[in-house]
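Source file query11.pdb; content: PDB, C-alpha atoms.
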ATOM      1  CA  MET A 228       0.000   0.000   0.000  1.00  0.00           C
ATOM      2  CA  ASN A 229       1.163   3.511  -0.725  1.00  0.00           C
ATOM      3  CA  TYR A 230       2.728   5.108   2.353  1.00  0.00           C
ATOM      4  CA  LEU A 231       0.880   8.404   1.843  1.00  0.00           C
ATOM      5  CA  PHE A 232      -2.467   6.636   1.835  1.00  0.00           C
ATOM      6  CA  ALA A 233      -1.412   4.643   4.911  1.00  0.00           C
ATOM      7  CA  TYR A 234      -0.495   7.806   6.820  1.00  0.00           C
ATOM      8  CA  LEU A 235      -3.738   9.542   5.822  1.00  0.00           C
ATOM      9  CA  LEU A 236      -5.776   6.517   6.858  1.00  0.00           C
ATOM     10  CA  SER A 237      -3.966   6.430  10.192  1.00  0.00           C
ATOM     11  CA  LEU A 238      -5.357   9.870  10.999  1.00  0.00           C
ATOM     12  CA  PHE A 239      -8.824   8.326  11.133  1.00  0.00           C
ATOM     13  CA  THR A 240      -7.772   5.193  13.014  1.00  0.00           C
ATOM     14  CA  LEU A 241      -5.760   6.925  15.748  1.00  0.00           C
ATOM     15  CA  SER A 242      -2.435   5.649  14.334  1.00  0.00           C
ATOM     16  CA  ILE A 243      -3.442   1.999  14.595  1.00  0.00           C
ATOM     17  CA  PHE A 244      -3.324   1.520  10.827  1.00  0.00           C
ATOM     18  CA  ILE A 245       0.199   2.924  10.496  1.00  0.00           C
ATOM     19  CA  ASP A 246       1.393   0.674  13.322  1.00  0.00           C
ATOM     20  CA  ILE A 247       0.076  -2.369  11.472  1.00  0.00           C
ATOM     21  CA  TRP A 248       1.615  -1.075   8.239  1.00  0.00           C
ATOM     22  CA  HIS A 249       5.055  -0.672   9.851  1.00  0.00           C
ATOM     23  CA  TYR A 250       4.766  -4.117  11.444  1.00  0.00           C
ATOM     24  CA  ASN A 251       4.135  -5.624   8.003  1.00  0.00           C
ATOM     25  CA  ILE A 252       7.076  -3.698   6.535  1.00  0.00           C
ATOM     26  CA  ALA A 253       9.374  -4.998   9.289  1.00  0.00           C
ATOM     27  CA  ASP A 254       8.149  -8.544   8.657  1.00  0.00           C
ATOM     28  CA  ARG A 255       8.763  -8.311   4.899  1.00  0.00           C
ATOM     29  CA  VAL A 256      12.236  -6.804   5.354  1.00  0.00           C
ATOM     30  CA  GLU A 257      13.115  -9.519   7.875  1.00  0.00           C
ATOM     31  CA  ASP A 258      12.043 -12.204   5.399  1.00  0.00           C
ATOM     32  CA  ALA A 259      14.015 -10.586   2.573  1.00  0.00           C
ATOM     33  CA  LEU A 260      17.156 -10.371   4.711  1.00  0.00           C
ATOM     34  CA  GLU A 261      16.871 -14.047   5.601  1.00  0.00           C
ATOM     35  CA  GLN A 262      16.178 -15.058   2.008  1.00  0.00           C
ATOM     36  CA  ARG A 263      19.211 -13.144   0.747  1.00  0.00           C
ATOM     37  CA  LYS A 264      21.307 -14.461   3.676  1.00  0.00           C
ATOM     38  CA  ILE A 265      22.313 -10.981   4.781  1.00  0.00           C
ATOM     39  CA  ASP A 266      23.784 -10.930   8.277  1.00  0.00           C
ATOM     40  CA  TYR A 267      21.867  -7.998   9.753  1.00  0.00           C
ATOM     41  CA  LYS A 268      19.342  -8.184  12.573  1.00  0.00           C
ATOM     42  CA  PHE A 269      16.141  -6.348  11.791  1.00  0.00           C
ATOM     43  CA  GLY A 270      12.567  -7.500  12.081  1.00  0.00           C
ATOM     44  CA  LYS A 271       9.387  -7.584  14.071  1.00  0.00           C
ATOM     45  CA  SER A 272      11.229  -7.460  17.389  1.00  0.00           C
ATOM     46  CA  ASP A 273      12.804  -4.128  16.393  1.00  0.00           C
ATOM     47  CA  PHE A 274       9.358  -2.842  15.532  1.00  0.00           C
ATOM     48  CA  TRP A 275       8.035  -3.710  18.978  1.00  0.00           C
ATOM     49  CA  LEU A 276      11.130  -2.509  20.818  1.00  0.00           C
ATOM     50  CA  TRP A 277      12.001   0.689  18.973  1.00  0.00           C
ATOM     51  CA  PHE A 278       8.903   1.815  17.094  1.00  0.00           C
ATOM     52  CA  LEU A 279       6.254   1.256  19.760  1.00  0.00           C
ATOM     53  CA  LEU A 280       8.071   1.176  23.098  1.00  0.00           C
ATOM     54  CA  GLY A 281      10.929   3.448  22.047  1.00  0.00           C
ATOM     55  CA  SER A 282       8.530   6.082  20.783  1.00  0.00           C
ATOM     56  CA  LEU A 283       7.748   6.839  24.412  1.00  0.00           C
ATOM     57  CA  LEU A 284      11.340   8.106  24.726  1.00  0.00           C
ATOM     58  CA  LEU A 285      11.188   9.848  21.300  1.00  0.00           C
ATOM     59  CA  VAL A 286      14.637   8.510  20.402  1.00  0.00           C
ATOM     60  CA  GLY A 287      13.219   5.073  19.609  1.00  0.00           C
ATOM     61  CA  LEU A 288      11.637   6.236  16.369  1.00  0.00           C
ATOM     62  CA  PHE A 289      14.984   7.502  15.128  1.00  0.00           C
ATOM     63  CA  VAL A 290      16.661   4.206  16.020  1.00  0.00           C
ATOM     64  CA  TYR A 291      13.901   2.240  14.271  1.00  0.00           C
ATOM     65  CA  TYR A 292      14.112   4.310  11.082  1.00  0.00           C
ATOM     66  CA  HIS A 293      17.913   4.109  11.118  1.00  0.00           C
ATOM     67  CA  LYS A 294      17.787   0.328  11.378  1.00  0.00           C
ATOM     68  CA  LEU A 295      15.101   0.144   8.671  1.00  0.00           C
ATOM     69  CA  CYS A 296      17.121   2.330   6.295  1.00  0.00           C
ATOM     70  CA  ARG A 297      20.274   0.315   6.975  1.00  0.00           C
ATOM     71  CA  ALA A 298      18.441  -2.940   6.255  1.00  0.00           C
ATOM     72  CA  MET A 299      16.977  -1.528   3.048  1.00  0.00           C
ATOM     73  CA  ASN A 300      20.402  -0.296   1.909  1.00  0.00           C
ATOM     74  CA  LEU A 301      21.851  -3.765   2.466  1.00  0.00           C
ATOM     75  CA  LEU A 302      18.987  -5.299   0.523  1.00  0.00           C
ATOM     76  CA  CYS A 303      19.464  -2.852  -2.341  1.00  0.00           C
ATOM     77  CA  GLU A 304      23.178  -3.687  -2.506  1.00  0.00           C
ATOM     78  CA  SER A 305      22.322  -7.362  -2.628  1.00  0.00           C
ATOM     79  CA  TYR A 306      19.724  -6.857  -5.365  1.00  0.00           C
ATOM     80  CA  ASN A 307      22.225  -4.852  -7.401  1.00  0.00           C
ATOM     81  CA  GLU A 308      24.859  -7.596  -7.119  1.00  0.00           C
ATOM     82  CA  LYS A 309      22.490 -10.528  -7.732  1.00  0.00           C
ATOM     83  CA  PRO A 310      19.062  -9.437  -9.051  1.00  0.00           C
ATOM     84  CA  VAL A 311      17.713 -13.009  -9.095  1.00  0.00           C
ATOM     85  CA  LEU A 312      18.402 -15.615  -6.441  1.00  0.00           C
ATOM     86  CA  THR A 313      19.135 -19.095  -7.697  1.00  0.00           C
ATOM     87  CA  GLU A 314      18.549 -21.813  -5.170  1.00  0.00           C
TER      88      GLU A 314
END
Serialized structure, structure tokens:
Amino acid sequence: MNYLFAYLLSLFTLSIFIDIWHYNIADRVEDALEQRKIDYKFGKSDFWLWFLLGSLLLVGLFVYYHKLCRAMNLLCESYNEKPVLTE
């Protein structure tokens, strides 16, 4: 789903929709990292720890987005080196 639509919809659902959306993103990134055998820890546990609980300290959101961006950069590097996985 488009992130802009997800953020607009979260205004009407008191941010519940965007929390579910970020949880799904973390799950998909975790699966992609495992599939590509990239040694970087990111997943649903980081969502719960940094996005939800860490947001109470305000610094948690920054840590979550940093880890998400780092994971996505590693995935992009892997896709650029080997676009198709052969098993």
Checklist entry - Counting only C-alpha atoms, what is within 12 Å of range 240-245 of chain A, bar same-chain residues fewer than 3 positions away, as a count of residues only? => result 18
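Restricting the calculation to all atoms listed in the file, the smallest distance between Tyr291 in chain A and any of A:Ile247, A:Leu312, A:Leu276, A:Leu238 is found for A:Leu276.
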- Picked residues, the PyMOL selection byres ((chain A and resi 254) around 12), as a ChimeraX atom specification: /A:247-253,255-261,268-275,295,298
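Our summary of the geometry notes that CA of Ser305 in chain A is positioned 7.4 Å from CA of Arg263 in chain A.
Proximity of A:Val290, A:Leu301, A:Pro310, A:Leu283 to Lys264 in chain A, computed with all atoms listed in the file, is greatest for A:Leu301.
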